[in-house]
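For reference, upload36.csv (CSV, C-alpha atoms):
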chain,number,residue,atom,x,y,z
M,123,MET,CA,-28.7,-32.9,-1.5
M,124,THR,CA,-28.9,-29.8,0.7
M,125,ILE,CA,-27.4,-26.4,-0.2
M,126,THR,CA,-27.1,-23.7,2.4
M,127,LEU,CA,-26.0,-20.1,2.0
M,128,ARG,CA,-23.5,-19.2,4.7
M,129,GLN,CA,-21.3,-16.3,5.6
M,130,LYS,CA,-17.6,-16.2,6.5
M,131,ASP,CA,-16.2,-13.3,8.6
M,132,LEU,CA,-13.1,-11.7,7.0
M,133,GLU,CA,-10.4,-9.7,8.7
M,134,ASN,CA,-11.5,-6.5,7.0
M,135,ASP,CA,-15.0,-6.8,8.6
M,136,ASN,CA,-16.5,-7.9,5.3
M,137,LYS,CA,-18.4,-11.2,5.1
M,138,SER,CA,-17.7,-13.7,2.3
M,139,LEU,CA,-20.8,-15.6,1.0
M,140,TYR,CA,-20.4,-19.3,0.2
M,141,LEU,CA,-22.6,-22.3,-0.4
M,142,ASP,CA,-22.4,-25.3,2.0
M,143,ILE,CA,-23.2,-28.3,-0.3
M,144,TYR,CA,-23.9,-31.6,1.5
M,145,GLU,CA,-24.7,-34.8,-0.5
M,146,ASN,CA,-24.3,-38.5,0.3
M,147,GLY,CA,-22.4,-37.9,3.5
M,148,LYS,CA,-19.9,-35.6,1.8
M,149,ARG,CA,-19.6,-31.8,2.2
M,150,LYS,CA,-17.9,-29.2,0.0
M,151,PHE,CA,-18.0,-25.5,-0.3
M,152,GLU,CA,-18.4,-23.1,-3.2
M,153,PHE,CA,-17.2,-19.6,-2.5
M,154,LEU,CA,-19.1,-17.1,-4.6
M,155,SER,CA,-16.8,-14.1,-4.7
M,156,LEU,CA,-19.6,-12.1,-3.3
M,157,TYR,CA,-19.2,-10.0,-0.1
M,158,LEU,CA,-21.3,-8.2,2.4
M,159,ILE,CA,-19.8,-5.0,3.6
M,160,PRO,CA,-20.4,-3.1,6.9
M,161,GLU,CA,-23.7,-1.2,6.6
M,162,ILE,CA,-22.8,2.4,7.4
M,163,ASN,CA,-25.5,4.1,5.4
M,164,GLN,CA,-28.5,3.4,3.2
M,165,GLU,CA,-26.3,2.9,0.1
M,166,THR,CA,-24.3,0.1,1.6
M,167,LYS,CA,-27.4,-1.5,3.0
M,168,GLU,CA,-28.9,-1.6,-0.6
M,169,ARG,CA,-25.7,-3.0,-2.0
M,170,ASN,CA,-25.8,-5.8,0.6
M,171,GLU,CA,-29.4,-6.5,-0.3
M,172,ALA,CA,-28.5,-6.8,-4.0
M,173,THR,CA,-25.5,-9.0,-3.2
M,174,LEU,CA,-27.7,-11.4,-1.1
M,175,LYS,CA,-30.2,-11.5,-3.9
M,176,ARG,CA,-27.5,-12.6,-6.3
M,177,ALA,CA,-26.2,-15.2,-3.9
M,178,GLN,CA,-29.7,-16.6,-3.5
M,179,GLU,CA,-30.1,-16.8,-7.3
M,180,ILE,CA,-26.9,-18.8,-7.5
M,181,ARG,CA,-28.1,-21.1,-4.8
M,182,ALA,CA,-31.4,-21.6,-6.6
M,183,GLU,CA,-29.5,-22.4,-9.8
M,184,ARG,CA,-27.5,-25.0,-8.0
M,185,VAL,CA,-30.6,-26.6,-6.5
M,186,LEU,CA,-32.4,-26.8,-9.8
M,187,HIS,CA,-29.3,-27.7,-11.9
M,188,PRO,CA,-26.8,-29.6,-9.7
M,189,GLU,CA,-24.7,-30.2,-12.8
M,190,THR,CA,-23.6,-26.5,-12.7
M,191,ILE,CA,-21.9,-27.0,-9.3
M,192,PRO,CA,-18.2,-26.6,-10.0
M,193,GLU,CA,-15.7,-29.1,-8.6
M,194,LYS,CA,-13.8,-26.3,-7.0
M,195,GLY,CA,-14.4,-22.5,-6.7
M,196,HIS,CA,-17.1,-20.4,-8.4
M,197,LEU,CA,-17.3,-20.9,-12.1
M,198,MET,CA,-17.7,-17.4,-13.5
M,199,VAL,CA,-19.6,-16.8,-16.7
M,200,VAL,CA,-17.5,-16.0,-19.8
M,201,PRO,CA,-19.3,-13.8,-22.4
M,202,ASP,CA,-19.8,-15.4,-25.8
M,203,ILE,CA,-18.0,-13.1,-28.3
M,204,PRO,CA,-18.0,-14.2,-31.9
M,205,ASN,CA,-14.8,-13.7,-34.0
M,206,ASP,CA,-12.7,-13.1,-30.9
M,207,ASP,CA,-9.2,-12.8,-32.1
M,208,SER,CA,-7.8,-10.9,-29.1
M,209,PRO,CA,-4.8,-12.5,-27.2
M,210,GLU,CA,-5.2,-14.2,-23.9
M,211,VAL,CA,-4.9,-11.9,-20.9
M,212,ILE,CA,-1.7,-13.7,-19.5
M,213,ASP,CA,0.0,-13.6,-22.9
M,214,TRP,CA,-0.8,-9.9,-23.4
M,215,ILE,CA,0.7,-9.0,-20.0
M,216,GLN,CA,3.8,-10.9,-21.1
M,217,THR,CA,3.8,-9.0,-24.4
M,218,TYR,CA,3.4,-5.7,-22.4
M,219,MET,CA,6.4,-6.6,-20.2
M,220,GLU,CA,8.6,-7.4,-23.2
M,221,TRP,CA,7.6,-4.0,-24.7
M,222,MET,CA,8.6,-2.3,-21.4
M,223,ASP,CA,11.9,-4.1,-21.2
M,224,GLY,CA,14.7,-1.7,-22.0
M,225,ASN,CA,12.3,1.2,-22.4
M,226,PRO,CA,13.8,4.1,-20.3
M,227,GLU,CA,10.4,5.5,-19.6
M,228,TYR,CA,9.7,2.7,-17.2
M,229,SER,CA,11.6,2.1,-13.9
M,230,LYS,CA,12.7,-1.3,-12.8
M,231,ARG,CA,10.1,-1.1,-10.0
M,232,THR,CA,7.3,-0.6,-12.5
M,233,VAL,CA,8.4,-3.7,-14.5
M,234,GLU,CA,8.5,-5.7,-11.2
M,235,GLN,CA,5.0,-4.5,-10.3
M,236,THR,CA,3.8,-5.6,-13.7
M,237,GLN,CA,5.4,-9.0,-13.3
M,238,TYR,CA,3.7,-9.3,-9.9
M,239,LEU,CA,0.4,-8.5,-11.6
M,240,GLN,CA,0.9,-11.3,-14.0
M,241,GLU,CA,1.6,-13.8,-11.2
M,242,ARG,CA,-1.5,-12.8,-9.3
M,243,MET,CA,-3.6,-12.8,-12.5
M,244,LYS,CA,-2.4,-16.4,-13.2
M,245,GLU,CA,-3.5,-17.4,-9.6
M,246,PHE,CA,-6.9,-15.6,-10.0
M,247,LEU,CA,-7.7,-17.2,-13.4
M,248,LYS,CA,-6.7,-20.6,-12.2
M,249,ALA,CA,-9.0,-20.3,-9.2
M,250,LYS,CA,-11.8,-19.3,-11.6
M,251,ARG,CA,-10.9,-22.1,-13.9
M,252,ARG,CA,-10.4,-19.8,-16.9
M,253,PRO,CA,-6.6,-19.6,-17.4
M,254,HIS,CA,-7.0,-18.9,-21.1
M,255,ILE,CA,-9.6,-16.1,-21.1
M,256,THR,CA,-9.0,-13.4,-23.7
M,257,LEU,CA,-8.8,-9.7,-23.4
M,258,MET,CA,-12.2,-9.2,-25.1
M,259,LYS,CA,-13.8,-11.6,-22.7
M,260,PHE,CA,-12.2,-10.0,-19.6
M,261,ASP,CA,-15.0,-7.5,-19.2
M,262,LYS,CA,-16.0,-5.2,-16.3
M,263,THR,CA,-17.4,-8.2,-14.3
M,264,TRP,CA,-14.1,-9.9,-14.4
M,265,PHE,CA,-12.3,-6.7,-13.4
M,266,LYS,CA,-14.6,-6.4,-10.4
M,267,ALA,CA,-14.1,-10.0,-9.5
M,268,PHE,CA,-10.3,-9.7,-9.8
M,269,PHE,CA,-10.3,-6.7,-7.4
M,270,LEU,CA,-12.5,-8.5,-4.9
M,271,TRP,CA,-10.3,-11.5,-5.0
M,272,LEU,CA,-7.2,-9.4,-4.3
M,273,LYS,CA,-8.9,-7.7,-1.4
M,274,ASN,CA,-10.6,-10.6,0.2
M,275,ASP,CA,-9.2,-14.0,-0.9
M,276,TYR,CA,-5.5,-13.6,-1.9
M,277,VAL,CA,-3.0,-14.1,0.9
M,278,PRO,CA,0.6,-13.1,0.2
M,279,GLN,CA,3.0,-16.1,0.2
M,280,LYS,CA,5.0,-14.7,3.2
M,281,TYR,CA,1.9,-14.9,5.4
M,282,VAL,CA,0.8,-18.5,4.5
M,283,ARG,CA,2.2,-20.0,7.7
M,284,VAL,CA,1.5,-17.1,10.0
M,285,LYS,CA,-1.5,-14.9,10.6
M,286,ALA,CA,-2.9,-13.9,7.2
M,287,LYS,CA,-2.6,-10.3,6.3
M,288,PRO,CA,-4.4,-8.9,3.2
M,289,LEU,CA,-2.6,-6.7,0.7
M,290,SER,CA,-2.2,-3.1,1.8
M,291,ASN,CA,-4.2,-0.4,0.0
M,292,ALA,CA,-1.0,0.9,-1.6
M,293,SER,CA,-0.3,-2.6,-3.0
M,294,LEU,CA,-3.9,-2.8,-4.3
M,295,ARG,CA,-3.6,0.6,-5.9
M,296,ASN,CA,-0.4,-0.4,-7.6
M,297,MET,CA,-2.0,-3.5,-8.9
M,298,GLN,CA,-5.0,-1.5,-10.2
M,299,GLN,CA,-2.7,1.0,-11.9
M,300,ARG,CA,-0.7,-1.8,-13.6
M,301,ILE,CA,-3.7,-3.7,-15.0
M,302,VAL,CA,-5.3,-0.4,-16.2
M,303,ALA,CA,-2.0,0.4,-18.0
M,304,VAL,CA,-1.9,-3.1,-19.6
M,305,PHE,CA,-5.5,-2.7,-20.9
M,306,ASN,CA,-4.9,0.9,-22.1
M,307,LYS,CA,-2.0,-0.4,-24.2
M,308,ALA,CA,-4.3,-3.0,-25.7
M,309,VAL,CA,-6.7,-0.2,-26.7
M,310,LYS,CA,-3.9,1.9,-28.2
M,311,THR,CA,-2.7,-1.1,-30.3
M,312,GLY,CA,-6.2,-2.0,-31.5
M,313,LYS,CA,-6.6,-5.2,-29.5
M,314,LEU,CA,-9.6,-3.7,-27.7
M,315,LYS,CA,-12.1,-1.0,-28.5
M,316,ALA,CA,-12.3,0.2,-24.9
M,317,ASN,CA,-10.9,-0.5,-21.5
M,318,PRO,CA,-13.6,-2.2,-19.3
M,319,PHE,CA,-12.1,-0.6,-16.2
M,320,TYR,CA,-13.7,2.7,-17.0
M,321,GLN,CA,-17.1,1.1,-17.0
M,322,LEU,CA,-16.9,0.2,-13.3
M,323,GLU,CA,-18.7,2.0,-10.6
M,324,LYS,CA,-16.5,4.0,-8.4
M,325,GLU,CA,-17.2,1.8,-5.4
M,326,ASP,CA,-16.0,-1.2,-7.4
M,327,THR,CA,-12.5,0.3,-8.0
M,328,ILE,CA,-9.7,0.5,-5.4
M,329,SER,CA,-9.9,4.1,-4.2
M,330,LYS,CA,-7.1,6.1,-2.7
M,331,PRO,CA,-7.7,6.3,1.1
M,332,LYS,CA,-8.4,9.6,2.6
M,333,SER,CA,-5.1,11.0,3.8
M,334,GLY,CA,-4.7,10.4,7.5
M,335,HIS,CA,-2.1,11.4,10.0
M,336,LYS,CA,1.4,10.5,9.0
M,337,LEU,CA,3.2,8.7,11.8
M,338,TYR,CA,6.3,10.6,12.9
M,339,LEU,CA,8.4,11.1,16.0
M,340,THR,CA,8.5,14.4,17.9
M,341,PRO,CA,11.9,15.9,18.7
M,342,ASP,CA,11.8,14.6,22.2
M,343,GLU,CA,10.8,11.1,21.0
M,344,LEU,CA,13.7,11.1,18.5
M,345,LYS,CA,16.2,12.1,21.2
M,346,LEU,CA,14.8,9.4,23.5
M,347,PHE,CA,15.0,6.9,20.7
M,348,MET,CA,18.6,7.8,19.8
M,349,ALA,CA,19.7,7.8,23.4
M,350,SER,CA,19.0,4.1,23.9
M,351,GLU,CA,22.2,2.2,24.3
M,352,GLU,CA,22.4,-0.5,21.6
M,353,THR,CA,25.1,-2.7,20.1
M,354,ASN,CA,26.0,-4.4,16.8
M,355,GLY,CA,23.3,-4.6,14.1
M,356,VAL,CA,20.7,-2.9,16.2
M,357,ARG,CA,23.0,0.1,16.8
M,358,GLU,CA,23.7,0.3,13.1
M,359,THR,CA,19.9,0.3,12.4
M,360,GLN,CA,19.4,3.0,15.1
M,361,LEU,CA,22.1,5.2,13.6
M,362,ALA,CA,20.7,4.8,10.1
M,363,PHE,CA,17.2,5.7,11.3
M,364,GLY,CA,18.4,8.8,13.1
M,365,PHE,CA,20.5,9.9,10.1
M,366,ALA,CA,17.5,9.4,7.8
M,367,CYS,CA,15.3,11.5,10.2
M,368,LEU,CA,17.6,14.4,9.6
M,369,THR,CA,18.3,14.0,5.9
M,370,GLY,CA,15.0,12.6,4.6
M,371,LEU,CA,16.7,9.8,2.6
M,372,ARG,CA,14.7,6.7,1.8
M,373,ILE,CA,15.9,3.3,3.1
M,374,SER,CA,16.9,2.3,-0.5
M,375,ASP,CA,19.2,5.4,-0.6
M,376,ILE,CA,20.5,4.7,2.9
M,377,ARG,CA,21.5,1.2,1.8
M,378,ALA,CA,23.2,2.5,-1.3
M,379,LEU,CA,25.0,5.4,0.4
M,380,ARG,CA,28.7,5.5,0.0
M,381,TRP,CA,31.4,7.6,1.8
M,382,SER,CA,32.4,8.7,-1.7
M,383,ASN,CA,29.0,10.3,-2.1
M,384,ILE,CA,29.9,12.9,0.6
M,385,MET,CA,31.4,16.2,-0.6
M,386,ARG,CA,33.2,18.1,2.2
M,387,ASN,CA,34.0,21.8,2.5
M,388,GLU,CA,34.7,24.3,5.3
M,389,VAL,CA,31.0,25.2,5.7
M,390,THR,CA,29.1,21.9,5.6
M,391,ASN,CA,29.1,18.3,4.3
M,392,THR,CA,26.7,17.5,1.4
M,393,LEU,CA,25.5,14.2,0.1
M,394,VAL,CA,25.3,14.0,-3.7
M,395,ILE,CA,23.4,10.9,-4.8
M,396,VAL,CA,21.1,9.6,-7.5
M,397,GLN,CA,17.8,8.7,-5.8
M,398,LYS,CA,17.0,5.0,-6.2
M,399,LYS,CA,13.2,5.6,-6.6
M,400,THR,CA,13.2,8.8,-8.7
M,401,LYS,CA,16.5,8.3,-10.5
M,402,GLU,CA,17.1,12.0,-10.0
M,403,LEU,CA,20.4,13.6,-8.8
M,404,ASN,CA,19.9,15.2,-5.4
M,405,ALA,CA,22.2,17.2,-3.1
M,406,VAL,CA,21.4,16.8,0.6
M,407,PRO,CA,23.1,18.9,3.3
M,408,ILE,CA,24.2,17.0,6.4
M,409,CYS,CA,23.8,18.8,9.7
M,410,SER,CA,26.2,18.3,12.6
M,411,THR,CA,23.8,16.0,14.5
M,412,ALA,CA,23.3,13.8,11.4
M,413,GLU,CA,27.0,13.6,10.9
M,414,ALA,CA,27.5,12.5,14.5
M,415,TRP,CA,25.0,9.7,13.9
M,416,MET,CA,27.1,8.2,11.0
M,417,PRO,CA,28.9,5.0,12.0
M,418,PRO,CA,32.7,4.5,12.0
M,419,LYS,CA,34.0,4.0,8.5
M,420,LYS,CA,34.6,0.3,7.6
M,421,ASP,CA,34.6,0.4,3.9
M,422,ASP,CA,33.1,2.7,1.2
M,423,LYS,CA,29.6,1.6,2.3
M,424,VAL,CA,28.3,3.9,5.1
M,425,PHE,CA,25.5,1.8,6.7
M,426,HIS,CA,25.5,-2.0,6.8
M,427,LEU,CA,21.9,-2.8,7.4
M,428,PRO,CA,20.3,-6.3,7.8
M,429,ALA,CA,17.2,-7.5,5.9
M,430,HIS,CA,14.2,-5.1,5.9
M,431,ALA,CA,12.2,-7.3,8.3
M,432,ASN,CA,15.0,-7.3,10.8
M,433,VAL,CA,15.4,-3.5,10.4
M,434,ASP,CA,11.7,-2.9,11.3
M,435,ALA,CA,12.0,-5.5,14.2
M,436,ALA,CA,15.0,-3.6,15.6
M,437,LEU,CA,13.2,-0.3,15.4
M,438,LYS,CA,10.1,-1.6,17.2
M,439,ARG,CA,12.4,-3.2,19.9
M,440,ILE,CA,14.1,0.1,20.6
M,441,ALA,CA,10.8,2.0,20.6
M,442,LYS,CA,9.3,-0.4,23.1
M,443,LYS,CA,12.5,-0.3,25.3
M,444,VAL,CA,12.3,3.5,25.6
M,445,GLY,CA,8.5,3.7,26.1
M,446,ILE,CA,7.5,5.0,22.6
M,447,THR,CA,4.0,3.5,22.0
M,448,LYS,CA,3.8,4.5,18.3
M,449,THR,CA,4.1,1.6,15.8
M,450,ILE,CA,7.1,2.8,13.8
M,451,SER,CA,8.8,1.5,10.7
M,452,PHE,CA,11.8,2.8,8.8
M,453,HIS,CA,9.6,4.9,6.5
M,454,CYS,CA,8.4,6.8,9.6
M,455,PHE,CA,11.7,8.8,9.3
M,456,ARG,CA,10.5,10.5,6.1
M,457,HIS,CA,7.4,11.8,8.0
M,458,THR,CA,9.6,12.8,10.9
M,459,PHE,CA,12.1,14.7,8.7
M,460,ALA,CA,9.3,16.6,6.9
M,461,THR,CA,7.4,17.5,10.1
M,462,LEU,CA,10.6,18.6,11.9
M,463,GLN,CA,11.6,20.8,9.0
M,464,LEU,CA,8.2,22.5,8.6
M,465,ALA,CA,7.8,22.9,12.4
M,466,GLU,CA,11.2,24.8,12.4
M,467,GLY,CA,10.0,27.2,9.8
M,468,THR,CA,11.5,25.7,6.6
M,469,ASP,CA,9.2,26.7,3.7
M,470,ILE,CA,7.2,23.9,2.0
M,471,TYR,CA,8.9,24.3,-1.4
M,472,THR,CA,12.3,23.7,0.1
M,473,VAL,CA,11.1,20.7,2.1
M,474,SER,CA,9.5,19.3,-1.1
M,475,LYS,CA,12.8,19.6,-2.9
M,476,LEU,CA,14.7,17.9,0.0
M,477,LEU,CA,12.2,15.0,-0.1
M,478,THR,CA,12.4,15.0,-4.0
M,479,HIS,CA,8.6,15.1,-4.2
M,480,SER,CA,7.5,15.7,-7.8
M,481,ASN,CA,4.2,17.2,-6.5
M,482,LEU,CA,4.0,19.9,-3.9
M,483,ALA,CA,0.6,18.5,-2.8
M,484,THR,CA,2.4,15.4,-1.5
M,485,THR,CA,4.4,17.6,0.9
M,486,GLN,CA,1.3,19.6,1.9
M,487,VAL,CA,0.1,16.6,4.0
M,488,TYR,CA,3.0,17.4,6.4
M,489,ALA,CA,2.2,21.0,6.5
M,490,ASP,CA,-1.4,20.1,7.5
M,491,VAL,CA,0.1,18.1,10.4
M,492,VAL,CA,2.2,21.1,11.5
M,493,ASP,CA,-0.9,23.3,11.3
M,494,GLU,CA,-2.7,20.9,13.6
M,495,LEU,CA,0.2,20.9,16.0
M,496,LYS,CA,0.0,24.7,16.1
M,497,ARG,CA,-3.7,24.6,16.8
M,498,ASP,CA,-3.2,22.1,19.6
M,499,ALA,CA,-0.5,24.4,21.1
M,500,ALA,CA,-2.9,27.4,20.9
M,501,GLU,CA,-5.6,25.5,22.6
M,502,ARG,CA,-3.3,24.8,25.5
M,503,ILE,CA,-3.2,28.5,26.3
M,504,SER,CA,-6.3,29.2,28.4
M,505,LEU,CA,-6.8,32.6,30.0
M,506,LYS,CA,-10.1,32.5,31.8
M,507,ILE,CA,-11.5,36.0,32.3
M,508,PRO,CA,-13.9,36.2,35.2
M,509,THR,CA,-17.4,37.3,34.6
M,510,LYS,CA,-18.9,40.4,36.3
M,511,GLU,CA,-20.8,38.1,38.8
M,512,GLU,CA,-17.5,36.3,39.6
M,513,SER,CA,-15.7,39.6,40.1
M,514,ASP,CA,-18.4,40.9,42.5
M,515,GLN,CA,-18.1,37.7,44.6
M,516,THR,CA,-14.4,38.2,45.2
Please express what this file holds, its structure, as structure tokens.
Amino acid sequence: MTITLRQKDLENDNKSLYLDIYENGKRKFEFLSLYLIPEINQETKERNEATLKRAQEIRAERVLHPETIPEKGHLMVVPDIPNDDSPEVIDWIQTYMEWMDGNPEYSKRTVEQTQYLQERMKEFLKAKRRPHITLMKFDKTWFKAFFLWLKNDYVPQKYVRVKAKPLSNASLRNMQQRIVAVFNKAVKTGKLKANPFYQLEKEDTISKPKSGHKLYLTPDELKLFMASEETNGVRETQLAFGFACLTGLRISDIRALRWSNIMRNEVTNTLVIVQKKTKELNAVPICSTAEAWMPPKKDDKVFHLPAHANVDAALKRIAKKVGITKTISFHCFRHTFATLQLAEGTDIYTVSKLLTHSNLATTQVYADVVDELKRDAAERISLKIPTKEESDQT
């Protein structure tokens, strides 16, 4: 038998470590749930050294004790805990969801995210051959392994037959928030003494990425986008996008928008809706341009949009057609709306209210973008004053 430690390149530039096991003309692989990360400083270099050391230890164990080689996947160690009467992890998540059901403090989206967590947890524990692990045995090592599996091994079902795409950082953060909430509830009800998540090192958790530039369209780009001649469903999507850029409504609210939500008077038209995400009542003024981008009335529903994937495909098609190189999606309109409002001098508090942000810091990101635009504009003004030597030469 020969056992070789190998590396597999991942799309996120990490390397997955696995054992190539060859015996009697047959080959199988054992993925170790250990990963090398890009070495950008001394700390990451030391982490990789520790990871390689652990991988070599597992290889040595397999060489000395071939009976420990799992038939499939890496067999993680489950701590031996006497008198463990805690429920199984999967069962506890189910109990948590039943407790959430009908509780007005939790939105439908939060319940759906918890159900998604339960489904992924079932897949993870099946891969680790520990489907019945209990809460008390699911320690910080298992937390770390679960996060690594989500980031590096799990492929969403919709990408199985196409180019694999990992979960976005936002999805990973949602998953982390849900599992932390589930274990916090276990602590509050006496099922656990402490939540193992809080024992993890910061680098082993899923951190919120540093806020980068929000993708938005400039006024000229928006005019160019809306001037493109489109028909049928693509035109409907184009109008909805333009309307959203001038009202700040989310796509869920655009889909739910009804003509009966619009209150008309001599001064202006105003939308009065209950936001789908926040469940809050909100009044949104409609400017004349936004009104002009509303489609002809067919029934009480204002916009008849196709499936979300088709919406984004239509937006990308229009952008490419008119020469906009930015990779836009429907959510880009929220960034466009906020940036346009702040650039025109609307105060940040008012913009925050229009976007229904619960935290002013969320809106501040757009203010930072506008500040940068102002700095760029200032840099374009260059008045070169000649030196004394240059003046003497003229």
Computed gap from CA of Pro253 (chain M) to CA of Lys310 (chain M) is 24.2 Å
From M:Leu139, M:Ile328, M:Ile212, M:Ala435, residue lying nearest Val356 (chain M) [only C-alpha atoms]
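Smallest separation from Val356 (chain M) among the options: M:Ala435.
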Practice task
Extract, using all atoms listed in the file, all DNA, RNA and protein residues at most 10 Å from Ala267 (chain M), discarding same-chain residues fewer than 3 positions from it, and format them as a PyMOL selection string.
Solution key: chain M and resi 154-156+198+246+250+262-264+270-273+326
| field | Protein/DNA/RNA residues near (-25.5, -26.8, -8.3), cut 10 Å, all atoms listed in the file, as a list in words | value |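 Every residue inside that radius is included here: Met123, Ile125, Leu141, Ile143, Glu152, Ile180, Arg181, Ala182, Glu183, Arg184, Val185, Leu186, His187, Pro188, Glu189, Thr190, Ile191 and Pro192 of chain M.
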Lys438 (chain M) proximity check over M:Phe265, M:Ala249, M:Ala378, M:Thr359, using only C-alpha atoms: winner is M:Thr359
Check your understanding: What does the distance between CA of Trp221 (chain M) and CA of Gln299 (chain M) come to in Å, to one decimal place?
Key ->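 For CA of Trp221 (chain M) relative to CA of Gln299 (chain M), the distance reads 17.2 Å.
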Using CA of Ala308 (chain M) and CA of Leu289 (chain M) as the two end points, give the distance in Å to one decimal.
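Value for the CA of Ala308 (chain M)-CA of Leu289 (chain M) distance: 26.7 Å.
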M:Glu210, M:Phe455, M:Lys248, M:Pro417 ranked by distance to Asn354 (chain M), top pick (using only C-alpha atoms)
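Nearest candidate to Asn354 (chain M) out of M:Glu210, M:Phe455, M:Lys248, M:Pro417: M:Pro417.
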Within 12 Å of region 127-135 of chain M, which residues of region 255-281 of chain M show up? Give each one with its shortest atom-to-atom distance in Å (one decimal) and the two atoms involved, counting all atoms listed in the file, rows by chain then rising residue number, as JSON lines.
{"residue": "M:Lys273", "atom": "CA", "partner": "M:Asn134", "partner_atom": "CA", "distance": 8.9}
{"residue": "M:Asn274", "atom": "CA", "partner": "M:Leu132", "partner_atom": "CA", "distance": 7.3}
{"residue": "M:Asp275", "atom": "CA", "partner": "M:Leu132", "partner_atom": "CA", "distance": 9.1}
{"residue": "M:Tyr276", "atom": "CA", "partner": "M:Leu132", "partner_atom": "CA", "distance": 11.9}
{"residue": "M:Val277", "atom": "CA", "partner": "M:Glu133", "partner_atom": "CA", "distance": 11.6}
Review point. For Asp421 (chain M), which residue out of M:Arg252, M:Lys150, M:Lys167, M:Arg380 is the nearest one, using all atoms listed in the file?
Key: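 That would be M:Arg380, the residue with the smallest distance to Asp421 (chain M).
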Pick the closest to Ile440 (chain M) from M:Val424, M:Leu346, M:Met297, M:Cys454: which is it, counting all atoms listed in the file?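 The answer is M:Leu346, which sits nearest to Ile440 (chain M).
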Exercise for the section: Determine, counting all atoms listed in the file, which protein, DNA and RNA residues have an atom within 12 Å of an atom of Ile301 (chain M); residues of the same chain fewer than 4 positions away are not included. Present the result as a PyMOL selection string. Expected result: chain M and resi 211-212+214-215+218-219+232+235-240+242-243+257+260+265+268-269+294-297+305-308+317-319+327
